[in-house]
file my_file.pdb (PDB, C-alpha atoms, pLDDT in the B column)
ATOM      1  CA  ARG C  25       0.000   0.000   0.000  1.00 49.00           C
ATOM      2  CA  GLU C  26       1.373   3.390  -0.931  1.00 51.00           C
ATOM      3  CA  ALA C  27       1.600   6.245   1.576  1.00 49.00           C
ATOM      4  CA  SER C  28      -0.980   8.520  -0.065  1.00 57.00           C
ATOM      5  CA  ARG C  29      -1.926   9.937  -3.448  1.00 78.00           C
ATOM      6  CA  ASP C  30       0.487  12.863  -3.031  1.00 86.00           C
ATOM      7  CA  PRO C  31       3.343  12.291  -5.525  1.00 87.00           C
ATOM      8  CA  PHE C  32       5.950  13.556  -3.051  1.00 90.00           C
ATOM      9  CA  GLU C  33       4.758  11.152  -0.353  1.00 91.00           C
ATOM     10  CA  ILE C  34       4.674   8.256  -2.818  1.00 93.00           C
ATOM     11  CA  GLY C  35       8.245   9.041  -3.899  1.00 94.00           C
ATOM     12  CA  ARG C  36       9.433   9.243  -0.295  1.00 92.00           C
ATOM     13  CA  TYR C  37       7.710   5.950   0.495  1.00 94.00           C
ATOM     14  CA  ARG C  38       9.363   4.247  -2.491  1.00 96.00           C
ATOM     15  CA  ALA C  39      12.762   5.640  -1.505  1.00 97.00           C
ATOM     16  CA  ARG C  40      12.381   4.266   2.040  1.00 95.00           C
ATOM     17  CA  LEU C  41      11.418   0.875   0.632  1.00 97.00           C
ATOM     18  CA  ALA C  42      14.524   0.910  -1.560  1.00 98.00           C
ATOM     19  CA  LEU C  43      16.660   1.795   1.475  1.00 97.00           C
ATOM     20  CA  ARG C  44      15.192  -1.091   3.462  1.00 96.00           C
ATOM     21  CA  ALA C  45      15.903  -3.429   0.552  1.00 97.00           C
ATOM     22  CA  GLY C  46      19.496  -2.195   0.340  1.00 96.00           C
ATOM     23  CA  ASP C  47      18.962  -0.758  -3.147  1.00 97.00           C
ATOM     24  CA  TYR C  48      20.911   2.413  -2.425  1.00 98.00           C
ATOM     25  CA  SER C  49      21.352   3.559  -6.010  1.00 97.00           C
ATOM     26  CA  ARG C  50      17.572   3.527  -6.532  1.00 98.00           C
ATOM     27  CA  ALA C  51      16.927   5.163  -3.172  1.00 97.00           C
ATOM     28  CA  ASP C  52      19.484   7.902  -3.835  1.00 97.00           C
ATOM     29  CA  SER C  53      18.076   8.530  -7.296  1.00 97.00           C
ATOM     30  CA  LEU C  54      14.539   8.841  -5.942  1.00 97.00           C
ATOM     31  CA  LEU C  55      15.668  11.066  -3.070  1.00 97.00           C
ATOM     32  CA  ARG C  56      17.649  13.404  -5.337  1.00 96.00           C
ATOM     33  CA  GLY C  57      14.583  13.749  -7.539  1.00 96.00           C
ATOM     34  CA  LEU C  58      12.473  14.542  -4.499  1.00 95.00           C
ATOM     35  CA  LEU C  59      15.012  17.098  -3.304  1.00 93.00           C
ATOM     36  CA  ALA C  60      14.760  18.882  -6.661  1.00 94.00           C
ATOM     37  CA  GLU C  61      10.945  18.888  -6.409  1.00 91.00           C
ATOM     38  CA  ALA C  62      10.659  19.815  -2.716  1.00 90.00           C
ATOM     39  CA  THR C  63       8.550  22.919  -2.216  1.00 89.00           C
ATOM     40  CA  GLY C  64       9.148  23.646   1.453  1.00 88.00           C
ATOM     41  CA  GLU C  65      11.916  23.595   4.022  1.00 84.00           C
ATOM     42  CA  ALA C  66      10.333  20.658   5.864  1.00 84.00           C
ATOM     43  CA  GLU C  67      10.341  18.535   2.699  1.00 90.00           C
ATOM     44  CA  ARG C  68      13.948  19.498   1.858  1.00 89.00           C
ATOM     45  CA  SER C  69      15.077  18.754   5.405  1.00 85.00           C
ATOM     46  CA  ASP C  70      13.379  15.361   5.439  1.00 88.00           C
ATOM     47  CA  VAL C  71      14.809  14.293   2.077  1.00 93.00           C
ATOM     48  CA  THR C  72      18.279  15.517   3.068  1.00 90.00           C
ATOM     49  CA  TRP C  73      18.050  13.477   6.275  1.00 88.00           C
ATOM     50  CA  TRP C  74      17.238  10.321   4.276  1.00 94.00           C
ATOM     51  CA  LEU C  75      20.069  11.018   1.811  1.00 95.00           C
ATOM     52  CA  ALA C  76      22.467  11.309   4.746  1.00 92.00           C
ATOM     53  CA  TYR C  77      21.065   8.087   6.219  1.00 93.00           C
ATOM     54  CA  SER C  78      21.732   6.367   2.904  1.00 97.00           C
ATOM     55  CA  ALA C  79      25.285   7.734   2.716  1.00 96.00           C
ATOM     56  CA  ARG C  80      26.038   6.542   6.261  1.00 92.00           C
ATOM     57  CA  ASN C  81      24.701   3.073   5.500  1.00 94.00           C
ATOM     58  CA  GLN C  82      26.955   2.944   2.452  1.00 96.00           C
ATOM     59  CA  GLY C  83      30.017   3.781   4.541  1.00 94.00           C
ATOM     60  CA  ARG C  84      30.245   7.425   3.480  1.00 93.00           C
ATOM     61  CA  PRO C  85      29.943   9.303   6.782  1.00 88.00           C
ATOM     62  CA  SER C  86      31.836  12.381   5.505  1.00 88.00           C
ATOM     63  CA  GLU C  87      29.270  12.820   2.737  1.00 90.00           C
ATOM     64  CA  ALA C  88      26.466  12.404   5.281  1.00 87.00           C
ATOM     65  CA  ALA C  89      28.009  15.055   7.533  1.00 85.00           C
ATOM     66  CA  LYS C  90      28.320  17.508   4.625  1.00 86.00           C
ATOM     67  CA  LEU C  91      24.680  16.964   3.698  1.00 86.00           C
ATOM     68  CA  LEU C  92      23.544  17.622   7.260  1.00 81.00           C
ATOM     69  CA  GLU C  93      25.823  20.568   8.088  1.00 77.00           C
ATOM     70  CA  PRO C  94      23.452  23.346   6.982  1.00 68.00           C
ATOM     71  CA  ALA C  95      20.342  21.659   8.421  1.00 61.00           C
ATOM     72  CA  ARG C  96      21.153  20.985  12.094  1.00 57.00           C
ATOM     73  CA  ALA C  97      18.105  22.879  13.351  1.00 63.00           C
ATOM     74  CA  ASP C  98      16.458  20.061  15.274  1.00 66.00           C
ATOM     75  CA  TYR C  99      17.818  17.570  17.787  1.00 65.00           C
ATOM     76  CA  ALA C 100      17.501  14.479  15.574  1.00 67.00           C
ATOM     77  CA  THR C 101      19.334  16.099  12.666  1.00 71.00           C
ATOM     78  CA  GLY C 102      22.037  17.442  14.975  1.00 71.00           C
ATOM     79  CA  LEU C 103      22.487  13.999  16.490  1.00 70.00           C
ATOM     80  CA  HIS C 104      22.613  12.396  13.035  1.00 69.00           C
ATOM     81  CA  HIS C 105      25.236  14.985  12.018  1.00 74.00           C
ATOM     82  CA  GLY C 106      27.327  14.306  15.120  1.00 77.00           C
ATOM     83  CA  ILE C 107      27.268  10.547  14.558  1.00 78.00           C
ATOM     84  CA  ALA C 108      28.311  11.007  10.937  1.00 80.00           C
ATOM     85  CA  LEU C 109      31.229  13.198  12.047  1.00 80.00           C
ATOM     86  CA  LEU C 110      32.258  10.591  14.619  1.00 80.00           C
ATOM     87  CA  GLU C 111      32.131   7.835  12.025  1.00 82.00           C
ATOM     88  CA  ALA C 112      34.145   9.950   9.588  1.00 80.00           C
ATOM     89  CA  GLY C 113      36.920  10.232  12.160  1.00 74.00           C
TER
END

call {"tool": "encode", "arguments": {"input": "my_file.pdb", "output": "structure tokens"}}
result
Amino acid sequence: REASRDPFEIGRYRARLALRAGDYSRADSLLRGLLAEATGEAERSDVTWWLAYSARNQGRPSEAAKLLEPARADYATGLHHGIALLEAG
């Protein structure tokens, strides 16, 4: 079942499914498309968070930290950023 009829939500749902399946190239492609189509700061922040999550899972913590650097406004994103920095050494 898909998240809703909103194309952005459907794309985000499909990207999360790809992440869970370990299909990172598909997930990253979907997420980059969503980032280009995002209309608000909340959407951009959410997609950026998932892109960073994908990068960390692929062993690219430095890339994850760079993605999260400008968006550390909330606790979860700041924590995610800190963990990525720690993993990057």

call {"tool": "resolve_selection", "arguments": {"input": "my_file.pdb", "expression": "the PyMOL selection byres ((chain C and resi 34-43) around 12)", "output": "PyMOL selection string"}}
result
chain C and resi 25-33+44-59+61-62+67-68+70-82

call {"tool": "write_last_selection", "arguments": {"input": "my_file.pdb", "atoms": "C-alpha atoms", "output": "compact mmCIF listing (two decimals), in the frame of the given file"}}
result
# COMPACT_ATOMS: atom_id res chain seq x y z
CA ARG C 25 0.00 0.00 0.00
CA GLU C 26 1.37 3.39 -0.93
CA ALA C 27 1.60 6.24 1.58
CA SER C 28 -0.98 8.52 -0.06
CA ARG C 29 -1.93 9.94 -3.45
CA ASP C 30 0.49 12.86 -3.03
CA PRO C 31 3.34 12.29 -5.52
CA PHE C 32 5.95 13.56 -3.05
CA GLU C 33 4.76 11.15 -0.35
CA ARG C 44 15.19 -1.09 3.46
CA ALA C 45 15.90 -3.43 0.55
CA GLY C 46 19.50 -2.19 0.34
CA ASP C 47 18.96 -0.76 -3.15
CA TYR C 48 20.91 2.41 -2.42
CA SER C 49 21.35 3.56 -6.01
CA ARG C 50 17.57 3.53 -6.53
CA ALA C 51 16.93 5.16 -3.17
CA ASP C 52 19.48 7.90 -3.84
CA SER C 53 18.08 8.53 -7.30
CA LEU C 54 14.54 8.84 -5.94
CA LEU C 55 15.67 11.07 -3.07
CA ARG C 56 17.65 13.40 -5.34
CA GLY C 57 14.58 13.75 -7.54
CA LEU C 58 12.47 14.54 -4.50
CA LEU C 59 15.01 17.10 -3.30
CA GLU C 61 10.94 18.89 -6.41
CA ALA C 62 10.66 19.82 -2.72
CA GLU C 67 10.34 18.54 2.70
CA ARG C 68 13.95 19.50 1.86
CA ASP C 70 13.38 15.36 5.44
CA VAL C 71 14.81 14.29 2.08
CA THR C 72 18.28 15.52 3.07
CA TRP C 73 18.05 13.48 6.28
CA TRP C 74 17.24 10.32 4.28
CA LEU C 75 20.07 11.02 1.81
CA ALA C 76 22.47 11.31 4.75
CA TYR C 77 21.06 8.09 6.22
CA SER C 78 21.73 6.37 2.90
CA ALA C 79 25.28 7.73 2.72
CA ARG C 80 26.04 6.54 6.26
CA ASN C 81 24.70 3.07 5.50
CA GLN C 82 26.96 2.94 2.45

call {"tool": "resolve_selection", "arguments": {"input": "my_file.pdb", "expression": "the PyMOL selection byres ((chain C and resi 91) around 9)", "output": "MDAnalysis selection string"}}
result
chainID C and resid 72:73 75:76 86:90 92:95 105

call {"tool": "atom_distance", "arguments": {"input": "my_file.pdb", "atom1": "atom CA of C:Gly64", "atom2": "atom CA of C:Gly83"}}
result
29.0 Å

call {"tool": "axis_aligned_box", "arguments": {"input": "my_file.pdb", "around": "stretch 58-71 of chain C", "padding_each_side": "8 Å", "output": "AutoDock Vina command-line options"}}
result
--center_x 11.8 --center_y 19.0 --center_z -0.4 --size_x 22.5 --size_y 25.4 --size_z 28.5

call {"tool": "build_atoms", "arguments": {"input": "my_file.pdb", "residues": "stretch 29-54 of chain C", "atoms": "N, CA, C and O atoms", "output": "PDB file, in the frame of the given file"}}
result
ATOM      1  N   ARG C  29      -1.876   9.623  -2.022  1.00 78.00           N
ATOM      2  CA  ARG C  29      -1.926   9.937  -3.448  1.00 78.00           C
ATOM      3  C   ARG C  29      -1.032  11.121  -3.796  1.00 78.00           C
ATOM      4  O   ARG C  29      -0.884  11.468  -4.952  1.00 78.00           O
ATOM      5  N   ASP C  30      -0.430  11.753  -2.809  1.00 86.00           N
ATOM      6  CA  ASP C  30       0.487  12.863  -3.031  1.00 86.00           C
ATOM      7  C   ASP C  30       1.772  12.324  -3.663  1.00 86.00           C
ATOM      8  O   ASP C  30       2.432  11.457  -3.101  1.00 86.00           O
ATOM      9  N   PRO C  31       2.149  12.816  -4.838  1.00 87.00           N
ATOM     10  CA  PRO C  31       3.343  12.291  -5.525  1.00 87.00           C
ATOM     11  C   PRO C  31       4.619  12.375  -4.691  1.00 87.00           C
ATOM     12  O   PRO C  31       5.465  11.483  -4.743  1.00 87.00           O
ATOM     13  N   PHE C  32       4.771  13.434  -3.906  1.00 90.00           N
ATOM     14  CA  PHE C  32       5.950  13.556  -3.051  1.00 90.00           C
ATOM     15  C   PHE C  32       5.979  12.445  -2.006  1.00 90.00           C
ATOM     16  O   PHE C  32       7.010  11.805  -1.786  1.00 90.00           O
ATOM     17  N   GLU C  33       4.844  12.208  -1.369  1.00 91.00           N
ATOM     18  CA  GLU C  33       4.758  11.152  -0.353  1.00 91.00           C
ATOM     19  C   GLU C  33       4.997   9.772  -0.961  1.00 91.00           C
ATOM     20  O   GLU C  33       5.654   8.925  -0.354  1.00 91.00           O
ATOM     21  N   ILE C  34       4.464   9.543  -2.141  1.00 93.00           N
ATOM     22  CA  ILE C  34       4.674   8.256  -2.818  1.00 93.00           C
ATOM     23  C   ILE C  34       6.162   8.068  -3.119  1.00 93.00           C
ATOM     24  O   ILE C  34       6.728   7.003  -2.897  1.00 93.00           O
ATOM     25  N   GLY C  35       6.818   9.124  -3.612  1.00 94.00           N
ATOM     26  CA  GLY C  35       8.245   9.041  -3.899  1.00 94.00           C
ATOM     27  C   GLY C  35       9.062   8.778  -2.650  1.00 94.00           C
ATOM     28  O   GLY C  35       9.996   7.969  -2.658  1.00 94.00           O
ATOM     29  N   ARG C  36       8.718   9.450  -1.566  1.00 92.00           N
ATOM     30  CA  ARG C  36       9.433   9.243  -0.295  1.00 92.00           C
ATOM     31  C   ARG C  36       9.217   7.820   0.211  1.00 92.00           C
ATOM     32  O   ARG C  36      10.151   7.181   0.682  1.00 92.00           O
ATOM     33  N   TYR C  37       8.020   7.322   0.082  1.00 94.00           N
ATOM     34  CA  TYR C  37       7.710   5.950   0.495  1.00 94.00           C
ATOM     35  C   TYR C  37       8.531   4.950  -0.318  1.00 94.00           C
ATOM     36  O   TYR C  37       9.136   4.030   0.237  1.00 94.00           O
ATOM     37  N   ARG C  38       8.587   5.150  -1.623  1.00 96.00           N
ATOM     38  CA  ARG C  38       9.363   4.247  -2.491  1.00 96.00           C
ATOM     39  C   ARG C  38      10.852   4.313  -2.167  1.00 96.00           C
ATOM     40  O   ARG C  38      11.548   3.299  -2.207  1.00 96.00           O
ATOM     41  N   ALA C  39      11.345   5.501  -1.864  1.00 97.00           N
ATOM     42  CA  ALA C  39      12.762   5.640  -1.505  1.00 97.00           C
ATOM     43  C   ALA C  39      13.056   4.889  -0.210  1.00 97.00           C
ATOM     44  O   ALA C  39      14.078   4.201  -0.103  1.00 97.00           O
ATOM     45  N   ARG C  40      12.176   4.994   0.770  1.00 95.00           N
ATOM     46  CA  ARG C  40      12.381   4.266   2.040  1.00 95.00           C
ATOM     47  C   ARG C  40      12.332   2.765   1.816  1.00 95.00           C
ATOM     48  O   ARG C  40      13.107   2.019   2.423  1.00 95.00           O
ATOM     49  N   LEU C  41      11.455   2.308   0.944  1.00 97.00           N
ATOM     50  CA  LEU C  41      11.418   0.875   0.632  1.00 97.00           C
ATOM     51  C   LEU C  41      12.728   0.428  -0.011  1.00 97.00           C
ATOM     52  O   LEU C  41      13.255  -0.640   0.311  1.00 97.00           O
ATOM     53  N   ALA C  42      13.250   1.244  -0.918  1.00 98.00           N
ATOM     54  CA  ALA C  42      14.524   0.910  -1.560  1.00 98.00           C
ATOM     55  C   ALA C  42      15.653   0.873  -0.534  1.00 98.00           C
ATOM     56  O   ALA C  42      16.517  -0.013  -0.582  1.00 98.00           O
ATOM     57  N   LEU C  43      15.647   1.809   0.417  1.00 97.00           N
ATOM     58  CA  LEU C  43      16.660   1.795   1.475  1.00 97.00           C
ATOM     59  C   LEU C  43      16.572   0.511   2.300  1.00 97.00           C
ATOM     60  O   LEU C  43      17.589  -0.119   2.591  1.00 97.00           O
ATOM     61  N   ARG C  44      15.371   0.134   2.663  1.00 96.00           N
ATOM     62  CA  ARG C  44      15.192  -1.091   3.462  1.00 96.00           C
ATOM     63  C   ARG C  44      15.636  -2.327   2.709  1.00 96.00           C
ATOM     64  O   ARG C  44      16.133  -3.274   3.305  1.00 96.00           O
ATOM     65  N   ALA C  45      15.495  -2.294   1.383  1.00 97.00           N
ATOM     66  CA  ALA C  45      15.903  -3.429   0.552  1.00 97.00           C
ATOM     67  C   ALA C  45      17.399  -3.399   0.239  1.00 97.00           C
ATOM     68  O   ALA C  45      17.920  -4.340  -0.355  1.00 97.00           O
ATOM     69  N   GLY C  46      18.077  -2.317   0.625  1.00 96.00           N
ATOM     70  CA  GLY C  46      19.496  -2.195   0.340  1.00 96.00           C
ATOM     71  C   GLY C  46      19.796  -1.741  -1.077  1.00 96.00           C
ATOM     72  O   GLY C  46      20.932  -1.817  -1.528  1.00 96.00           O
ATOM     73  N   ASP C  47      18.789  -1.248  -1.780  1.00 97.00           N
ATOM     74  CA  ASP C  47      18.962  -0.758  -3.147  1.00 97.00           C
ATOM     75  C   ASP C  47      19.285   0.738  -3.078  1.00 97.00           C
ATOM     76  O   ASP C  47      18.457   1.603  -3.360  1.00 97.00           O
ATOM     77  N   TYR C  48      20.523   1.038  -2.689  1.00 98.00           N
ATOM     78  CA  TYR C  48      20.911   2.413  -2.425  1.00 98.00           C
ATOM     79  C   TYR C  48      20.947   3.284  -3.672  1.00 98.00           C
ATOM     80  O   TYR C  48      20.614   4.468  -3.600  1.00 98.00           O
ATOM     81  N   SER C  49      21.321   2.728  -4.803  1.00 97.00           N
ATOM     82  CA  SER C  49      21.352   3.559  -6.010  1.00 97.00           C
ATOM     83  C   SER C  49      19.942   4.021  -6.376  1.00 97.00           C
ATOM     84  O   SER C  49      19.744   5.179  -6.754  1.00 97.00           O
ATOM     85  N   ARG C  50      18.961   3.130  -6.255  1.00 98.00           N
ATOM     86  CA  ARG C  50      17.572   3.527  -6.532  1.00 98.00           C
ATOM     87  C   ARG C  50      17.081   4.537  -5.496  1.00 98.00           C
ATOM     88  O   ARG C  50      16.459   5.540  -5.846  1.00 98.00           O
ATOM     89  N   ALA C  51      17.358   4.257  -4.237  1.00 97.00           N
ATOM     90  CA  ALA C  51      16.927   5.163  -3.172  1.00 97.00           C
ATOM     91  C   ALA C  51      17.528   6.551  -3.373  1.00 97.00           C
ATOM     92  O   ALA C  51      16.820   7.561  -3.304  1.00 97.00           O
ATOM     93  N   ASP C  52      18.829   6.610  -3.645  1.00 97.00           N
ATOM     94  CA  ASP C  52      19.484   7.902  -3.835  1.00 97.00           C
ATOM     95  C   ASP C  52      18.923   8.642  -5.041  1.00 97.00           C
ATOM     96  O   ASP C  52      18.732   9.857  -4.994  1.00 97.00           O
ATOM     97  N   SER C  53      18.652   7.914  -6.108  1.00 97.00           N
ATOM     98  CA  SER C  53      18.076   8.530  -7.296  1.00 97.00           C
ATOM     99  C   SER C  53      16.697   9.117  -6.997  1.00 97.00           C
ATOM    100  O   SER C  53      16.399  10.264  -7.372  1.00 97.00           O
ATOM    101  N   LEU C  54      15.874   8.352  -6.319  1.00 97.00           N
ATOM    102  CA  LEU C  54      14.539   8.841  -5.942  1.00 97.00           C
ATOM    103  C   LEU C  54      14.644  10.052  -5.016  1.00 97.00           C
ATOM    104  O   LEU C  54      13.929  11.046  -5.193  1.00 97.00           O
TER     105      LEU C  54
END
